[in-house]
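Chemist: Structure in structure tokens, see below.
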Amino acid sequence: MAKYKWILLVAVALILSSWGYLVHRTIHQLAIYKLPSGLQAFFYDNKEKLVMDAPRPDQRRFTDKTEGSKHFIDMEYFGDSAKYALPQTWDEAIKKYPADTLHKYGTSPYNIIEVYNKLVQAFKNKNKDSILFYATDLGHYIADAHVPLHTSLNYDGQLTNQHGVHDLWETTVPELVLNEYNLYSKKKAKYISSITQATWDIIWHTHSLLPEMFAQEIAISKNFNDSTKYEWKMRWGKNRRFYSSEFARQYNKALGNSINKQLLLSAENIASFWYTAWVDAGKPDLNTLIDTPVDGKQLKSELKLYKKNKLIEKGQLIAKEVKTDD
Ligand SMILES: [Zn+2]
């Protein structure tokens with residue numbers, strides 16, 4: 001029995017990862033386009049790595065038991081007044097709650113702040129490998145904090161008979177309609193005066209999207225029966241039940257552009273966190289860390305395609321050019 005329980009836990013962890021590989025990678029590429037020129041050349045020079053490694057923290061969960069809790073926070077556990085009562089920093093939180101409790105219900109915002117500080121240090125040390133490592137991890141955790149179900153006890157709709165809604169929102173829908181999304185937004189990286197406050201603002205905004213996403217699932221379900229609502233797919237060596245493509249399309253439409261918006265917001269915030277870390281580190285000159293001089297022409301033409309939302313069409317979105325399950 002214990003063995004089966006363990007298998008089940010691993011299976012649940014696999015299913016409830018986070019934005020799929022496709023979206024994590026897309027977000028990192030878009031974030032690079034939002035950086036100011038002083039920082040952009042270094043990030044652009046390492047674009048491939050920053051993009052391809054974007055899902056790495058999810059892969060780490062299979063080998064590192066402490067990894068899982070960094071990707072979510074179940075806000076409801078902390079009560080209705082959590083917004084005011086929940087300590088914003090880990091040092092304060094650990095005085096109020098046992099460490100076990102914090103890990104069980106997730107440490108997402110505390111972890112983002114910690115990884116941010118490591119990135120600042122990496123910039124100060126001008127250590128190329130460390131900068132890329134923490135910038136990539138930070139991007140992943142920030143992107144996860146934009147997924148509503150990463151901020152809820154009802155993380156897979158399991159408490160409201162909406163099992164599978166996690167995968168529907170963050171993987172099935174974006175994989176189906178990414179081509180139709182607008183991947184361009186005007187906002188560029190800006191300096192954040194309080195990383196702690198900005199992190200919690202992200203969490204609370206994301207959390208506020210939950211009622212609508214659950215309600216639209218119920219509304220759309222009225223157009224389906226069990227055989228049209230779901231489909232069975234082989235994944236992770238097992239036949240599993242997922243929401244059908246048709247359901248996913250209608251669900252996406254009903255939500256308006258909310259998933260697309262969260263994707264763009266993720267990229268905007270990641271760019272701002274990267275930029276702020278660099279400024280807080282004293283704006284070190286990164287040109288000495290660049291391997292190959294950046295091809296200004298190539299960057300310019302990509303930025304043009306980005307602005308016209310033609311990255312996918314012209315085969316320039318790396319995430320689309322590689323297999324999603326590698
Ligand atoms: Zn994740």
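Labels used: A, B, ... for chains in the order of the structure tokens, numbers from 1 for residues in each chain, and numbers from 1 for ligands as shown.
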Pick out the residues sitting within 9 Å of A:Ile27, and hand them over as an NGL selection string; count only C-alpha atoms, and ignore anything fewer than 6 positions along from it in its own chain.
Modeler: :A and (51 or 54 or 139-140 or 143 or 183 or 263-264 or 266-268 or 270)
Chemist: Could the residues in this selection be saved with C-alpha atoms as a short mmCIF file (atom, residue, chain, number, x, y, z; two decimals), in the first residue's frame?
Modeler:
```cif
data_model
loop_
_atom_site.label_atom_id
_atom_site.label_comp_id
_atom_site.auth_asym_id
_atom_site.auth_seq_id
_atom_site.Cartn_x
_atom_site.Cartn_y
_atom_site.Cartn_z
CA VAL A 51 15.12 29.66 -22.44
CA ALA A 54 13.45 27.53 -17.80
CA GLY A 139 12.22 33.45 -13.75
CA HIS A 140 10.66 30.03 -13.25
CA ALA A 143 6.21 32.58 -13.67
CA LEU A 183 3.11 37.70 -27.18
CA LEU A 263 1.78 34.96 -19.52
CA LEU A 264 2.66 38.54 -20.53
CA SER A 266 5.04 36.95 -16.02
CA ALA A 267 7.50 38.14 -18.67
CA GLU A 268 7.14 41.78 -17.57
CA ILE A 270 10.66 38.64 -14.62
#
```
Chemist: Using only C-alpha atoms and all ligand atoms, which residues have at least one atom no more than 10 Å from ligand 1? Output them as a PyMOL selection string.
Modeler: chain A and resi 16-21+24+54-61+67-72+108+137+140-145+147+150
Chemist: When distances are computed from only C-alpha atoms, which of A:Asn179, A:Thr172, A:Ser81, A:Asn127 shows the smallest separation from A:Lys310?
Modeler: A:Asn179
Chemist: Extract, using only C-alpha atoms, all DNA, RNA and protein residues at most 12 Å from A:Asp91, discarding same-chain residues fewer than 5 positions from it, and format them as JSON, numbers by chain.
Modeler: {"A": [86, 96, 97, 98, 99, 102, 110, 111, 113, 114]}
Chemist: Can you pull out every residue from stretch 18-156 of chain A that DSSP, working from the backbone, puts in helix (DSSP H, G or I), and format the result as a PyMOL selection string?
Modeler: chain A and resi 21-33+37-45+47-52+56-60+68-71+75-78+82-85+90-96+99-105+108-125+128-144+148-151
Chemist: When you look at A:Tyr191 with a cut-off of 12 Å (counting only C-alpha atoms), what residues show up, excluding the ones that are within fewer than 3 positions of it in the same chain? I need them as a PyMOL selection string.
Modeler: chain A and resi 35-36+188+194-195+198+268-280
Chemist: Which residues are close to A:Pro174, i.e. within 10 Å by only C-alpha atoms, leaving aside same-chain residues fewer than 2 positions away? Reply as number ranges by chain.
Modeler: A: 19-20, 22-23, 168-172, 176-181, 248-249, 252, 259-260, 263
Chemist: Using only C-alpha atoms, pick whichever of A:Thr199, A:Asn125, A:Thr160, A:Gln298 has the shortest atom-to-atom distance to A:Thr107.
Modeler: A:Thr199
Chemist: Could you tell me how far atom CA of A:Leu305 lies from atom CA of A:Ser258, in Å and to one decimal?
Modeler: 23.1 Å
Chemist: Ranking A:Ser244, A:Thr63, A:Gln216, A:Thr136 by minimum distance to A:Phe43 and counting only C-alpha atoms, which one comes first?
Modeler: A:Thr136
